[in-house]
file target.pdb (PDB, C-alpha atoms)
MODEL        1
ATOM      1  CA  MET A   1     -48.222 236.261 214.922  1.00  0.00           C
ATOM      2  CA  PRO A   2     -47.565 240.029 214.649  1.00  0.00           C
ATOM      3  CA  LYS A   3     -48.174 242.176 217.715  1.00  0.00           C
ATOM      4  CA  LYS A   4     -51.170 244.474 217.641  1.00  0.00           C
ATOM      5  CA  VAL A   5     -50.355 248.159 218.181  1.00  0.00           C
ATOM      6  CA  THR A   6     -52.981 250.464 219.652  1.00  0.00           C
ATOM      7  CA  LYS A   7     -52.490 254.214 219.687  1.00  0.00           C
ATOM      8  CA  LEU A   8     -53.776 256.031 222.756  1.00  0.00           C
ATOM      9  CA  THR A   9     -54.002 259.672 223.673  1.00  0.00           C
ATOM     10  CA  GLU A  10     -52.265 260.759 226.865  1.00  0.00           C
ATOM     11  CA  ASP A  11     -55.625 260.898 228.697  1.00  0.00           C
ATOM     12  CA  GLU A  12     -56.579 257.424 227.477  1.00  0.00           C
ATOM     13  CA  LEU A  13     -53.213 256.054 228.589  1.00  0.00           C
ATOM     14  CA  GLU A  14     -53.647 257.658 232.009  1.00  0.00           C
ATOM     15  CA  ASP A  15     -57.077 256.010 232.354  1.00  0.00           C
ATOM     16  CA  VAL A  16     -55.683 252.605 231.341  1.00  0.00           C
ATOM     17  CA  VAL A  17     -52.856 252.874 233.884  1.00  0.00           C
ATOM     18  CA  LYS A  18     -55.222 253.974 236.681  1.00  0.00           C
ATOM     19  CA  GLU A  19     -57.709 251.195 235.976  1.00  0.00           C
ATOM     20  CA  SER A  20     -54.920 248.600 235.712  1.00  0.00           C
ATOM     21  CA  PHE A  21     -53.392 249.705 238.998  1.00  0.00           C
ATOM     22  CA  LYS A  22     -56.794 249.674 240.709  1.00  0.00           C
ATOM     23  CA  ARG A  23     -57.572 246.179 239.381  1.00  0.00           C
ATOM     24  CA  VAL A  24     -54.184 244.780 240.469  1.00  0.00           C
ATOM     25  CA  HIS A  25     -54.462 246.464 243.874  1.00  0.00           C
ATOM     26  CA  ASP A  26     -57.981 245.131 244.418  1.00  0.00           C
ATOM     27  CA  GLU A  27     -57.009 241.614 243.282  1.00  0.00           C
ATOM     28  CA  TYR A  28     -54.006 241.706 245.634  1.00  0.00           C
ATOM     29  CA  ALA A  29     -56.264 242.813 248.508  1.00  0.00           C
ATOM     30  CA  VAL A  30     -58.654 239.937 247.762  1.00  0.00           C
ATOM     31  CA  ALA A  31     -55.741 237.480 247.723  1.00  0.00           C
ATOM     32  CA  LEU A  32     -54.489 238.856 251.044  1.00  0.00           C
ATOM     33  CA  ASN A  33     -58.007 238.668 252.465  1.00  0.00           C
ATOM     34  CA  ASP A  34     -58.131 234.985 251.528  1.00  0.00           C
ATOM     35  CA  GLU A  35     -54.730 234.402 253.141  1.00  0.00           C
ATOM     36  CA  ASN A  36     -55.882 236.161 256.304  1.00  0.00           C
ATOM     37  CA  GLY A  37     -59.119 234.264 256.880  1.00  0.00           C
ATOM     38  CA  ASN A  38     -61.265 236.717 254.886  1.00  0.00           C
ATOM     39  CA  ARG A  39     -60.553 239.566 257.302  1.00  0.00           C
ATOM     40  CA  THR A  40     -60.816 242.791 255.317  1.00  0.00           C
ATOM     41  CA  ILE A  41     -57.450 244.485 254.934  1.00  0.00           C
ATOM     42  CA  GLY A  42     -55.714 247.058 252.801  1.00  0.00           C
ATOM     43  CA  ARG A  43     -57.695 249.788 251.073  1.00  0.00           C
ATOM     44  CA  ASN A  44     -60.945 247.976 251.862  1.00  0.00           C
ATOM     45  CA  ILE A  45     -60.494 248.378 255.623  1.00  0.00           C
ATOM     46  CA  ILE A  46     -59.627 252.054 255.229  1.00  0.00           C
ATOM     47  CA  ASN A  47     -62.832 252.595 253.289  1.00  0.00           C
ATOM     48  CA  GLU A  48     -64.970 250.723 255.804  1.00  0.00           C
ATOM     49  CA  MET A  49     -63.386 252.291 258.892  1.00  0.00           C
ATOM     50  CA  ALA A  50     -63.935 255.845 257.681  1.00  0.00           C
ATOM     51  CA  ARG A  51     -67.115 255.267 255.692  1.00  0.00           C
ATOM     52  CA  LEU A  52     -69.235 258.378 256.157  1.00  0.00           C
ATOM     53  CA  ASN A  53     -72.484 257.047 254.726  1.00  0.00           C
ATOM     54  CA  LYS A  54     -72.318 253.547 256.193  1.00  0.00           C
ATOM     55  CA  LYS A  55     -75.756 253.904 257.858  1.00  0.00           C
ATOM     56  CA  ASP A  56     -77.448 256.147 255.274  1.00  0.00           C
ATOM     57  CA  GLY A  57     -80.808 254.849 254.117  1.00  0.00           C
ATOM     58  CA  PRO A  58     -82.915 255.513 251.035  1.00  0.00           C
ATOM     59  CA  GLN A  59     -83.761 259.067 252.185  1.00  0.00           C
ATOM     60  CA  SER A  60     -80.115 260.045 251.630  1.00  0.00           C
ATOM     61  CA  PRO A  61     -78.751 261.288 248.304  1.00  0.00           C
ATOM     62  CA  PHE A  62     -76.038 258.659 248.893  1.00  0.00           C
ATOM     63  CA  PRO A  63     -77.672 255.505 250.314  1.00  0.00           C
ATOM     64  CA  SER A  64     -75.038 253.118 251.643  1.00  0.00           C
ATOM     65  CA  ASP A  65     -76.221 250.225 249.501  1.00  0.00           C
ATOM     66  CA  LYS A  66     -75.308 252.178 246.342  1.00  0.00           C
ATOM     67  CA  TYR A  67     -72.563 254.674 247.206  1.00  0.00           C
ATOM     68  CA  LYS A  68     -69.362 254.640 249.235  1.00  0.00           C
ATOM     69  CA  ILE A  69     -68.167 257.866 250.832  1.00  0.00           C
ATOM     70  CA  TRP A  70     -64.990 257.940 252.890  1.00  0.00           C
ATOM     71  CA  VAL A  71     -61.950 259.921 253.950  1.00  0.00           C
ATOM     72  CA  GLN A  72     -58.535 258.452 254.496  1.00  0.00           C
ATOM     73  CA  GLY A  73     -55.203 259.433 255.957  1.00  0.00           C
ATOM     74  CA  ASP A  74     -53.275 261.558 253.527  1.00  0.00           C
ATOM     75  CA  ASN A  75     -50.634 263.391 255.543  1.00  0.00           C
ATOM     76  CA  SER A  76     -49.427 265.660 252.783  1.00  0.00           C
ATOM     77  CA  PRO A  77     -49.349 269.444 252.829  1.00  0.00           C
ATOM     78  CA  HIS A  78     -50.319 269.334 249.151  1.00  0.00           C
ATOM     79  CA  LYS A  79     -53.603 267.524 249.765  1.00  0.00           C
ATOM     80  CA  PRO A  80     -56.493 269.533 251.180  1.00  0.00           C
ATOM     81  CA  PRO A  81     -59.218 267.950 253.330  1.00  0.00           C
ATOM     82  CA  HIS A  82     -61.286 265.910 250.913  1.00  0.00           C
ATOM     83  CA  MET A  83     -63.484 262.860 250.694  1.00  0.00           C
ATOM     84  CA  HIS A  84     -63.972 260.173 248.083  1.00  0.00           C
ATOM     85  CA  ILE A  85     -67.336 259.312 246.565  1.00  0.00           C
ATOM     86  CA  ASN A  86     -67.636 256.054 244.652  1.00  0.00           C
ATOM     87  CA  TYR A  87     -70.601 254.702 242.725  1.00  0.00           C
ATOM     88  CA  PRO A  88     -69.543 251.126 241.895  1.00  0.00           C
ATOM     89  CA  GLN A  89     -72.637 250.463 239.770  1.00  0.00           C
ATOM     90  CA  GLU A  90     -71.454 253.038 237.209  1.00  0.00           C
ATOM     91  CA  GLY A  91     -67.745 252.695 237.994  1.00  0.00           C
ATOM     92  CA  TRP A  92     -66.977 256.304 238.802  1.00  0.00           C
ATOM     93  CA  GLN A  93     -65.110 257.837 241.733  1.00  0.00           C
ATOM     94  CA  ILE A  94     -64.475 261.477 242.538  1.00  0.00           C
ATOM     95  CA  LYS A  95     -62.753 263.505 245.250  1.00  0.00           C
ATOM     96  CA  VAL A  96     -64.633 266.438 246.789  1.00  0.00           C
ATOM     97  CA  TYR A  97     -63.368 269.240 249.030  1.00  0.00           C
ATOM     98  CA  ILE A  98     -64.856 268.888 252.498  1.00  0.00           C
ATOM     99  CA  GLU A  99     -64.750 272.636 253.061  1.00  0.00           C
ATOM    100  CA  ASN A 100     -67.169 273.578 250.275  1.00  0.00           C
ATOM    101  CA  GLY A 101     -68.368 270.385 248.561  1.00  0.00           C
ATOM    102  CA  GLU A 102     -66.826 271.316 245.216  1.00  0.00           C
ATOM    103  CA  LEU A 103     -65.197 268.789 242.907  1.00  0.00           C
ATOM    104  CA  TRP A 104     -61.454 268.434 243.500  1.00  0.00           C
ATOM    105  CA  SER A 105     -60.625 265.666 241.040  1.00  0.00           C
ATOM    106  CA  VAL A 106     -61.991 262.700 239.136  1.00  0.00           C
ATOM    107  CA  VAL A 107     -60.376 259.363 239.994  1.00  0.00           C
ATOM    108  CA  SER A 108     -62.338 257.436 237.373  1.00  0.00           C
ATOM    109  CA  TYR A 109     -65.177 258.353 235.024  1.00  0.00           C
ATOM    110  CA  GLY A 110     -66.703 254.902 234.726  1.00  0.00           C
ATOM    111  CA  ASN A 111     -69.800 255.124 232.517  1.00  0.00           C
ATOM    112  CA  ARG A 112     -69.631 258.934 232.427  1.00  0.00           C
ATOM    113  CA  GLY A 113     -67.807 260.840 229.704  1.00  0.00           C
ATOM    114  CA  ARG A 114     -64.459 262.536 230.221  1.00  0.00           C
ATOM    115  CA  ASN A 115     -66.121 265.952 229.923  1.00  0.00           C
ATOM    116  CA  ASP A 116     -68.619 265.231 232.700  1.00  0.00           C
ATOM    117  CA  THR A 117     -68.448 267.839 235.461  1.00  0.00           C
ATOM    118  CA  PHE A 118     -70.367 265.699 237.977  1.00  0.00           C
ATOM    119  CA  SER A 119     -72.505 268.785 238.696  1.00  0.00           C
ATOM    120  CA  ASP A 120     -75.467 266.589 239.656  1.00  0.00           C
ATOM    121  CA  VAL A 121     -73.348 264.768 242.244  1.00  0.00           C
ATOM    122  CA  ILE A 122     -71.904 268.041 243.566  1.00  0.00           C
ATOM    123  CA  ASN A 123     -75.455 269.337 244.112  1.00  0.00           C
ATOM    124  CA  TRP A 124     -76.262 266.143 246.036  1.00  0.00           C
ATOM    125  CA  VAL A 125     -73.076 266.555 248.109  1.00  0.00           C
ATOM    126  CA  LYS A 126     -74.098 270.050 249.176  1.00  0.00           C
ATOM    127  CA  LYS A 127     -77.535 268.782 250.256  1.00  0.00           C
ATOM    128  CA  TRP A 128     -75.963 265.754 251.962  1.00  0.00           C
ATOM    129  CA  PHE A 129     -73.494 267.997 253.840  1.00  0.00           C
ATOM    130  CA  GLU A 130     -76.411 269.784 255.517  1.00  0.00           C
ATOM    131  CA  MET A 131     -78.090 266.559 256.696  1.00  0.00           C
ATOM    132  CA  PRO A 132     -77.490 265.147 260.195  1.00  0.00           C
ATOM    133  CA  THR A 133     -74.778 262.509 260.157  1.00  0.00           C
ATOM    134  CA  THR A 134     -75.698 258.855 260.531  1.00  0.00           C
ATOM    135  CA  MET A 135     -72.139 257.866 261.505  1.00  0.00           C
ATOM    136  CA  PRO A 136     -72.196 255.951 264.777  1.00  0.00           C
ATOM    137  CA  GLY A 137     -70.835 258.022 267.647  1.00  0.00           C
ATOM    138  CA  ARG A 138     -70.892 261.275 265.661  1.00  0.00           C
ATOM    139  CA  VAL A 139     -73.154 264.288 265.998  1.00  0.00           C
ATOM    140  CA  GLY A 140     -73.721 267.282 263.768  1.00  0.00           C
ATOM    141  CA  THR A 141     -73.985 267.466 260.010  1.00  0.00           C
ATOM    142  CA  ASN A 142     -72.392 265.161 257.455  1.00  0.00           C
ATOM    143  CA  GLN A 143     -69.960 267.952 256.597  1.00  0.00           C
ATOM    144  CA  GLN A 144     -68.872 268.239 260.239  1.00  0.00           C
ATOM    145  CA  ALA A 145     -68.528 264.456 260.489  1.00  0.00           C
ATOM    146  CA  ALA A 146     -66.404 264.404 257.316  1.00  0.00           C
ATOM    147  CA  LEU A 147     -64.131 267.134 258.659  1.00  0.00           C
ATOM    148  CA  ASN A 148     -63.858 265.374 262.043  1.00  0.00           C
ATOM    149  CA  GLU A 149     -62.987 262.133 260.269  1.00  0.00           C
ATOM    150  CA  TRP A 150     -60.374 263.939 258.165  1.00  0.00           C
ATOM    151  CA  ASP A 151     -58.830 265.403 261.320  1.00  0.00           C
ATOM    152  CA  ALA A 152     -58.794 261.954 262.971  1.00  0.00           C
ATOM    153  CA  CYS A 153     -57.101 260.372 259.949  1.00  0.00           C
ATOM    154  CA  ASN A 154     -54.644 263.228 259.404  1.00  0.00           C
ATOM    155  CA  ASN A 155     -53.058 264.123 262.691  1.00  0.00           C
ATOM    156  CA  ASP A 156     -50.583 266.809 261.690  1.00  0.00           C
TER     157      ASP A 156
ENDMDL
END
call {"tool": "encode", "arguments": {"input": "target.pdb", "output": "structure tokens"}}
result
Amino acid sequence: MPKKVTKLTEDELEDVVKESFKRVHDEYAVALNDENGNRTIGRNIINEMARLNKKDGPQSPFPSDKYKIWVQGDNSPHKPPHMHINYPQEGWQIKVYIENGELWSVVSYGNRGRNDTFSDVINWVKKWFEMPTTMPGRVGTNQQAALNEWDACNND
């Protein structure tokens, strides 16, 4: 049987590689979780440990039952303080600057088009930043909690 050849643009190839890596990484984490008595490990534990909206309810622009917001250690001088926002239901994930709430980069577009600017989400981020944090043991606004979490995860 002849092999099927599919032509992809550079952007399409990048998306395929990112999604493939994410799927393999997640499957590996699940396998390791099973081997370790279902204790969450790997990227999953990073996300849960630093989850900024873990206790956010329906009054939040990012309720915890729909969105995941986290920071993680990224000790690199080339990476500014940022947080990840993931909406699993639509399959997208973005990175946002903690300093001003602007979009830094798109990790995956999910159901959104490649030209989407995520302006609606950025507006929600700016409102969310002003709200009091619901993170246990933290006081101040969500923006302050995100910056504190970044500092805790990136001790340079």
call {"tool": "residues_around", "arguments": {"input": "target.pdb", "residues": "segment 131-137 of chain A", "least_positions_apart": "5", "cutoff": "9 Å", "atoms": "all atoms listed in the file", "output": "mmCIF file with C-alpha atoms, in the coordinates of the input"}}
result
data_model
loop_
_atom_site.group_PDB
_atom_site.id
_atom_site.type_symbol
_atom_site.label_atom_id
_atom_site.label_comp_id
_atom_site.auth_asym_id
_atom_site.auth_seq_id
_atom_site.Cartn_x
_atom_site.Cartn_y
_atom_site.Cartn_z
ATOM 1 C CA ARG A 51 -67.115 255.267 255.692
ATOM 2 C CA LEU A 52 -69.235 258.378 256.157
ATOM 3 C CA ASN A 53 -72.484 257.047 254.726
ATOM 4 C CA LYS A 54 -72.318 253.547 256.193
ATOM 5 C CA LYS A 55 -75.756 253.904 257.858
ATOM 6 C CA ASP A 56 -77.448 256.147 255.274
ATOM 7 C CA SER A 60 -80.115 260.045 251.630
ATOM 8 C CA ASN A 142 -72.392 265.161 257.455
ATOM 9 C CA GLN A 143 -69.960 267.952 256.597
ATOM 10 C CA GLN A 144 -68.872 268.239 260.239
ATOM 11 C CA ALA A 145 -68.528 264.456 260.489
#
call {"tool": "atom_distance", "arguments": {"input": "target.pdb", "atom1": "atom CA of Phe129 of chain A", "atom2": "atom CA of Glu102 of chain A"}}
result
11.4 Å
call {"tool": "residues_near_point", "arguments": {"input": "target.pdb", "point": "(-76.0, 261.0, 250.1)", "cutoff": "6 Å", "atoms": "all atoms listed in the file", "output": "ChimeraX atom specification"}}
result
/A:60-63,128
call {"tool": "atom_distance", "arguments": {"input": "target.pdb", "atom1": "atom CA of Ser119 of chain A", "atom2": "atom CA of Tyr87 of chain A"}}
result
14.8 Å
call {"tool": "closest_residue", "arguments": {"input": "target.pdb", "among": "A:Met83, A:Val107, A:Val96, A:Ala146", "to": "Ile122 of chain A", "atoms": "all atoms listed in the file"}}
result
A:Val96
call {"tool": "atom_distance", "arguments": {"input": "target.pdb", "atom1": "atom CA of Glu130 of chain A", "atom2": "atom CA of Asn100 of chain A"}}
result
11.3 Å
call {"tool": "resolve_selection", "arguments": {"input": "target.pdb", "expression": "the PyMOL selection byres ((chain A and resi 150) around 9)", "output": "VMD selection string"}}
result
chain A and resid 50 71 to 74 81 to 83 98 145 to 149 151 to 155
call {"tool": "residues_around", "arguments": {"input": "target.pdb", "residues": "Thr117 of chain A", "least_positions_apart": "3", "cutoff": "10 Å", "atoms": "all atoms listed in the file", "output": "list in words"}}
result
Leu103, Ser105, Val106, Arg112, Gly113, Arg114, Asp120, Val121 and Ile122 of chain A
call {"tool": "closest_residue", "arguments": {"input": "target.pdb", "among": "A:Gln89, A:Thr141, A:Thr9, A:Gln59", "to": "Asn111 of chain A", "atoms": "only C-alpha atoms"}}
result
A:Gln89
call {"tool": "decode", "arguments": {"input": "target.pdb", "residues": "segment 89-101 of chain A", "atoms": "N, CA and C atoms", "output": "JSON list (two decimals), in the first residue's frame"}}
result
[["chain", "number", "residue", "atom", "x", "y", "z"],
["A", 89, "GLN", "N", -12.02, 22.63, 27.95],
["A", 89, "GLN", "CA", -13.24, 22.37, 27.19],
["A", 89, "GLN", "C", -13.08, 22.78, 25.72],
["A", 90, "GLU", "N", -12.35, 23.86, 25.46],
["A", 90, "GLU", "CA", -12.12, 24.30, 24.09],
["A", 90, "GLU", "C", -10.71, 23.98, 23.61],
["A", 91, "GLY", "N", -9.87, 23.46, 24.49],
["A", 91, "GLY", "CA", -8.54, 23.02, 24.10],
["A", 91, "GLY", "C", -7.50, 24.10, 23.88],
["A", 92, "TRP", "N", -7.74, 25.30, 24.40],
["A", 92, "TRP", "CA", -6.72, 26.33, 24.19],
["A", 92, "TRP", "C", -5.94, 26.60, 25.47],
["A", 93, "GLN", "N", -4.73, 27.13, 25.27],
["A", 93, "GLN", "CA", -3.87, 27.53, 26.40],
["A", 93, "GLN", "C", -3.04, 28.71, 25.95],
["A", 94, "ILE", "N", -2.97, 29.72, 26.81],
["A", 94, "ILE", "CA", -2.18, 30.90, 26.51],
["A", 94, "ILE", "C", -1.26, 31.22, 27.69],
["A", 95, "LYS", "N", -0.25, 32.05, 27.42],
["A", 95, "LYS", "CA", 0.61, 32.60, 28.46],
["A", 95, "LYS", "C", 0.37, 34.10, 28.50],
["A", 96, "VAL", "N", 0.27, 34.64, 29.72],
["A", 96, "VAL", "CA", -0.05, 36.05, 29.93],
["A", 96, "VAL", "C", 1.00, 36.65, 30.86],
["A", 97, "TYR", "N", 1.46, 37.86, 30.53],
["A", 97, "TYR", "CA", 2.38, 38.57, 31.42],
["A", 97, "TYR", "C", 1.68, 38.90, 32.73],
["A", 98, "ILE", "N", 2.34, 38.61, 33.84],
["A", 98, "ILE", "CA", 1.76, 38.93, 35.14],
["A", 98, "ILE", "C", 1.78, 40.44, 35.37],
["A", 99, "GLU", "N", 2.78, 41.11, 34.87],
["A", 99, "GLU", "CA", 2.92, 42.54, 35.11],
["A", 99, "GLU", "C", 1.75, 43.36, 34.60],
["A", 100, "ASN", "N", 1.24, 43.03, 33.39],
["A", 100, "ASN", "CA", 0.20, 43.88, 32.81],
["A", 100, "ASN", "C", -1.01, 43.11, 32.25],
["A", 101, "GLY", "N", -1.00, 41.80, 32.34],
["A", 101, "GLY", "CA", -2.13, 41.01, 31.87],
["A", 101, "GLY", "C", -2.24, 40.86, 30.37]]
